[in-house]
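Engineer: After the structure tokens below, expect a handful of questions from me.
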Amino acid sequence: MRTIVLANNKGGVGKTTTSLCLAAGLREKKKKVLLIDLDAQENLAFTCGVDNEDLEGYSLYDVFHGKANVNDCVFQIYKDIDNFDILVGGIELRNADKDKKIDANSIKKALLGLNDSYDFIVIDTPPSLNVLTESAIKAADDLIIPIQPSAYSLQGVGGLNGFIKSVNPNINIVGLLLTGVNERTNLSKEFIEIYKTAAKNIGTKLFKNMIRNSVVIPESQVNRTTIYKHAPNSTVAKDYMDFVNEYLKGVKKNG
Ligand SMILES: Nc1ncnc2c1ncn2[C@@H]1O[C@H](COP(=O)(O)OP(=O)(O)O)[C@@H](O)[C@H]1O
Ligand SMILES: [Mg+2]
């Protein structure tokens, strides 16, 4: 089992979108996958068809508070896809930093209680370096940093790297992933070089595959489905699948 965390304290960089596209892509590859939504905004839960009322008594918040068994909180995402599940943190997690029942080991402990075994666990984190992000980084083997091709997107990366290393020095930072790339503004070689250098500076790489901007993404999200179902032949579905393959190739190489 490998646990992958998507993290970047900047919001709107594609963490949630990539979490689902990565998880669903791994499922397409016949892997057993569990998604975890740690953002109190529950965007991922929404797209996965889980509503607030479903979560009453069945969220990770309840697990952290000893009020629920983690196995009862696992939801099957789509009726027609087995071995593709989600655990949701819950809106109460917006106060996680003040919650005495939540600490850096909470996720690790919760995952130990799972009866089902998965090939991959994919964790979506909130846009802040709070105790939940810390707990997810501590529980993970791999970390992916989604990033936007904008002038300011690299500013926080040094600080993010410092946080990651202080929480889990053994984590494998797999790479920076450019998302929301505009097809018409062909990214220049120089521009890409800046991202490659930024990745190198924190001991990682820039994923060769980039995710283009496409209306298919928000469309699939409001339709509460995956891009592979909603628009299997779209350029962005191909981009994400190529990225999933690139990730898996790295996993194989590193054992
Ligand atoms: N490749 C893409 N093409 C078009 N829209 C995208 C793409 N990736 C993300 N978005 C949109 O951008 C917004 C932010 O993405 P999201 O994954 O929620 O970022 P984060 O989780 O980092 O805040 C969402 O509304 C999402 O629908
Ligand atoms: Mg998000």
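Chain identifiers are assigned as A, B, and so on, following the order in which chains appear in the structure tokens; residues are numbered from 1 within each chain, and ligands are numbered from 1 in order of appearance.
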Using only C-alpha atoms and all ligand atoms, find each residue with an atom at most 6 Å away from ligand 1 and format the answer as a compact mmCIF listing (two decimals) with C-alpha atoms, in the first residue's frame.

Structural biologist:
```txt
# COMPACT_ATOMS: atom_id res chain seq x y z
CA GLY A 11 -5.55 27.51 -2.90
CA GLY A 12 -6.85 26.99 -6.42
CA VAL A 13 -3.78 25.18 -7.71
CA GLY A 14 -5.51 21.88 -8.55
CA LYS A 15 -5.05 19.81 -5.37
CA THR A 16 -8.63 18.60 -5.21
CA THR A 17 -8.97 18.11 -8.97
CA THR A 179 -2.07 22.21 -13.81
CA GLY A 180 -4.45 24.52 -15.65
CA ILE A 211 -2.43 19.27 -17.22
CA ARG A 212 -4.10 21.57 -19.70
CA ASN A 213 -6.93 23.90 -18.91
CA SER A 214 -10.30 22.50 -19.92
CA VAL A 215 -13.95 23.18 -19.21
CA ILE A 217 -12.89 19.67 -15.39
CA PRO A 218 -15.52 21.96 -13.81
```

Engineer: Quick one: everything within 10 Å of Lys31 (chain A), counting only C-alpha atoms, minus sequence neighbours fewer than 3 positions away in the same chain. Send it as a ChimeraX atom specification.

Structural biologist: /A:23-28,34,83-84,118-120

Engineer: Write the residues of the selection above to a file with N, CA and C atoms, as a PDB file, in the first residue's frame.

Structural biologist:
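Final file, result_1.pdb:
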```pdb
ATOM      1  N   ALA A  23      -6.688   9.459  -8.325  1.00  0.00           N
ATOM      2  CA  ALA A  23      -7.322   8.292  -7.701  1.00  0.00           C
ATOM      3  C   ALA A  23      -8.149   7.509  -8.724  1.00  0.00           C
ATOM      4  N   ALA A  24      -8.958   8.232  -9.513  1.00  0.00           N
ATOM      5  CA  ALA A  24      -9.803   7.560 -10.505  1.00  0.00           C
ATOM      6  C   ALA A  24      -8.937   6.931 -11.599  1.00  0.00           C
ATOM      7  N   GLY A  25      -7.834   7.572 -11.917  1.00  0.00           N
ATOM      8  CA  GLY A  25      -6.913   7.022 -12.916  1.00  0.00           C
ATOM      9  C   GLY A  25      -6.269   5.742 -12.413  1.00  0.00           C
ATOM     10  N   LEU A  26      -5.904   5.732 -11.137  1.00  0.00           N
ATOM     11  CA  LEU A  26      -5.318   4.515 -10.551  1.00  0.00           C
ATOM     12  C   LEU A  26      -6.355   3.392 -10.532  1.00  0.00           C
ATOM     13  N   ARG A  27      -7.621   3.770 -10.280  1.00  0.00           N
ATOM     14  CA  ARG A  27      -8.689   2.754 -10.301  1.00  0.00           C
ATOM     15  C   ARG A  27      -8.873   2.199 -11.714  1.00  0.00           C
ATOM     16  N   GLU A  28      -8.766   3.081 -12.728  1.00  0.00           N
ATOM     17  CA  GLU A  28      -8.836   2.629 -14.130  1.00  0.00           C
ATOM     18  C   GLU A  28      -7.742   1.598 -14.417  1.00  0.00           C
ATOM     19  N   LEU A  34      -8.378   4.319  -2.072  1.00  0.00           N
ATOM     20  CA  LEU A  34      -9.149   5.074  -1.085  1.00  0.00           C
ATOM     21  C   LEU A  34      -8.756   6.545  -1.185  1.00  0.00           C
ATOM     22  N   ASN A  83     -14.122  -1.089  -5.114  1.00  0.00           N
ATOM     23  CA  ASN A  83     -12.750  -0.780  -4.662  1.00  0.00           C
ATOM     24  C   ASN A  83     -12.320   0.659  -4.967  1.00  0.00           C
ATOM     25  N   PHE A  84     -13.271   1.563  -4.883  1.00  0.00           N
ATOM     26  CA  PHE A  84     -12.979   2.983  -5.058  1.00  0.00           C
ATOM     27  C   PHE A  84     -13.794   3.730  -4.000  1.00  0.00           C
ATOM     28  N   TYR A 118      -5.928  -1.383   0.620  1.00  0.00           N
ATOM     29  CA  TYR A 118      -5.942  -0.655  -0.652  1.00  0.00           C
ATOM     30  C   TYR A 118      -4.534  -0.680  -1.243  1.00  0.00           C
ATOM     31  N   ASP A 119      -4.470  -0.535  -2.567  1.00  0.00           N
ATOM     32  CA  ASP A 119      -3.150  -0.406  -3.196  1.00  0.00           C
ATOM     33  C   ASP A 119      -2.640   1.020  -3.011  1.00  0.00           C
ATOM     34  N   PHE A 120      -3.585   1.978  -3.096  1.00  0.00           N
ATOM     35  CA  PHE A 120      -3.200   3.387  -2.958  1.00  0.00           C
ATOM     36  C   PHE A 120      -4.214   4.143  -2.107  1.00  0.00           C
TER      37      PHE A 120
END
```

Engineer: Would you write out, as a tab-separated table, a table of all residues in chain A that have an atom no more than 10 Å from an atom of ligand 2, listing for each the closest atom pair and the distance in Å to one decimal, considering only C-alpha atoms and all ligand atoms and ordering rows by chain and rising residue number?

Structural biologist:
```
residue	atom	partner	partner_atom_place_in_ligand_line	distance
A:Leu6	CA	ligand 2	1 (Mg)	9.5
A:Ala7	CA	ligand 2	1 (Mg)	9.3
A:Asn8	CA	ligand 2	1 (Mg)	9.5
A:Asn9	CA	ligand 2	1 (Mg)	9.8
A:Lys10	CA	ligand 2	1 (Mg)	9.5
A:Gly11	CA	ligand 2	1 (Mg)	6.7
A:Gly12	CA	ligand 2	1 (Mg)	6.7
A:Val13	CA	ligand 2	1 (Mg)	8.0
A:Gly14	CA	ligand 2	1 (Mg)	6.8
A:Lys15	CA	ligand 2	1 (Mg)	5.2
A:Thr16	CA	ligand 2	1 (Mg)	4.1
A:Thr17	CA	ligand 2	1 (Mg)	7.3
A:Thr18	CA	ligand 2	1 (Mg)	9.2
A:Ser19	CA	ligand 2	1 (Mg)	8.9
A:Asp37	CA	ligand 2	1 (Mg)	8.8
A:Leu38	CA	ligand 2	1 (Mg)	9.0
A:Asp39	CA	ligand 2	1 (Mg)	6.6
A:Ala40	CA	ligand 2	1 (Mg)	9.4
A:Gln41	CA	ligand 2	1 (Mg)	7.8
A:Glu42	CA	ligand 2	1 (Mg)	8.1
A:Asn43	CA	ligand 2	1 (Mg)	6.4
A:Leu44	CA	ligand 2	1 (Mg)	7.3
A:Asp124	CA	ligand 2	1 (Mg)	6.9
A:Thr125	CA	ligand 2	1 (Mg)	6.8
A:Pro126	CA	ligand 2	1 (Mg)	6.0
A:Pro127	CA	ligand 2	1 (Mg)	6.7
```

Engineer: Could you check how far CA of Asn71 (chain A) sits from CA of Leu87 (chain A), in Å to one decimal?

Structural biologist: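 CA of Asn71 (chain A) sits 9.2 Å away from CA of Leu87 (chain A).
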
Engineer: At a cut-off of 10 Å, using only C-alpha atoms, what residues contact Leu206 (chain A)? Leave out same-chain residues fewer than 5 positions from it and give the result as a PDB file with C-alpha atoms, in the first residue's frame.

Structural biologist:
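Result saved to part_2.pdb:
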```pdb
ATOM      1  CA  ILE A 145       2.756  19.457  -5.331  1.00  0.00           C
ATOM      2  CA  VAL A 174       7.577  12.917  -6.304  1.00  0.00           C
ATOM      3  CA  GLY A 175       7.326  16.192  -8.164  1.00  0.00           C
ATOM      4  CA  LEU A 176       5.728  19.491  -9.041  1.00  0.00           C
ATOM      5  CA  LEU A 177       2.744  19.124 -11.362  1.00  0.00           C
ATOM      6  CA  LEU A 178       1.725  22.038 -13.562  1.00  0.00           C
ATOM      7  CA  ILE A 192       9.463  25.601 -18.026  1.00  0.00           C
ATOM      8  CA  GLU A 193      13.143  25.874 -17.040  1.00  0.00           C
ATOM      9  CA  TYR A 195       9.856  25.391 -12.804  1.00  0.00           C
ATOM     10  CA  LYS A 196      12.439  22.687 -13.373  1.00  0.00           C
ATOM     11  CA  THR A 197      14.995  24.693 -11.410  1.00  0.00           C
ATOM     12  CA  ALA A 198      12.505  25.333  -8.600  1.00  0.00           C
ATOM     13  CA  ALA A 199      11.826  21.588  -8.436  1.00  0.00           C
ATOM     14  CA  LYS A 200      15.541  20.781  -8.404  1.00  0.00           C
TER      15      LYS A 200
END
```

Engineer: Of the residues A:Val131, A:Ile107, A:Ile173, A:Ile202, which is the one nearest to Val157 (chain A), using only C-alpha atoms?

Structural biologist: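 Smallest separation from Val157 (chain A) among the options: A:Ile202.
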
Engineer: Please run DSSP on the backbone and report, as a list in words, all residues within region 66-244 of chain A that come out as strand (DSSP E or B).

Structural biologist: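 Assigned to strand (DSSP E or B), within region 66-244 of chain A: Phe75, Gln76, Phe84, Asp85, Ile86, Leu87, Val88, Phe120, Ile121, Val122, Ile123, Asp124, Asp142, Leu143, Ile144, Ile145, Pro146, Ile147, Asn172, Ile173, Val174, Gly175, Leu176, Leu177, Leu178, Val181, Leu206 and Arg212 of chain A.
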
Engineer: Could you tell me which of A:Asp103, A:Glu92, A:Asp142, A:Asp97 comes closest to Asn130 (chain A) if we count only C-alpha atoms?

Structural biologist: A:Asp97

Engineer: Within region 64-139 of chain A, find each residue whose DSSP state, derived from the backbone, is helix (DSSP H, G or I), and express the selection as a VMD selection string.

Structural biologist: chain A and resid 64 70 to 73 91 to 98 106 to 112 131 to 139

Engineer: Report, in Å to a single decimal, how far apart CA of His230 (chain A) and CA of Val181 (chain A) are.

Structural biologist: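 A separation of 20.1 Å between them.
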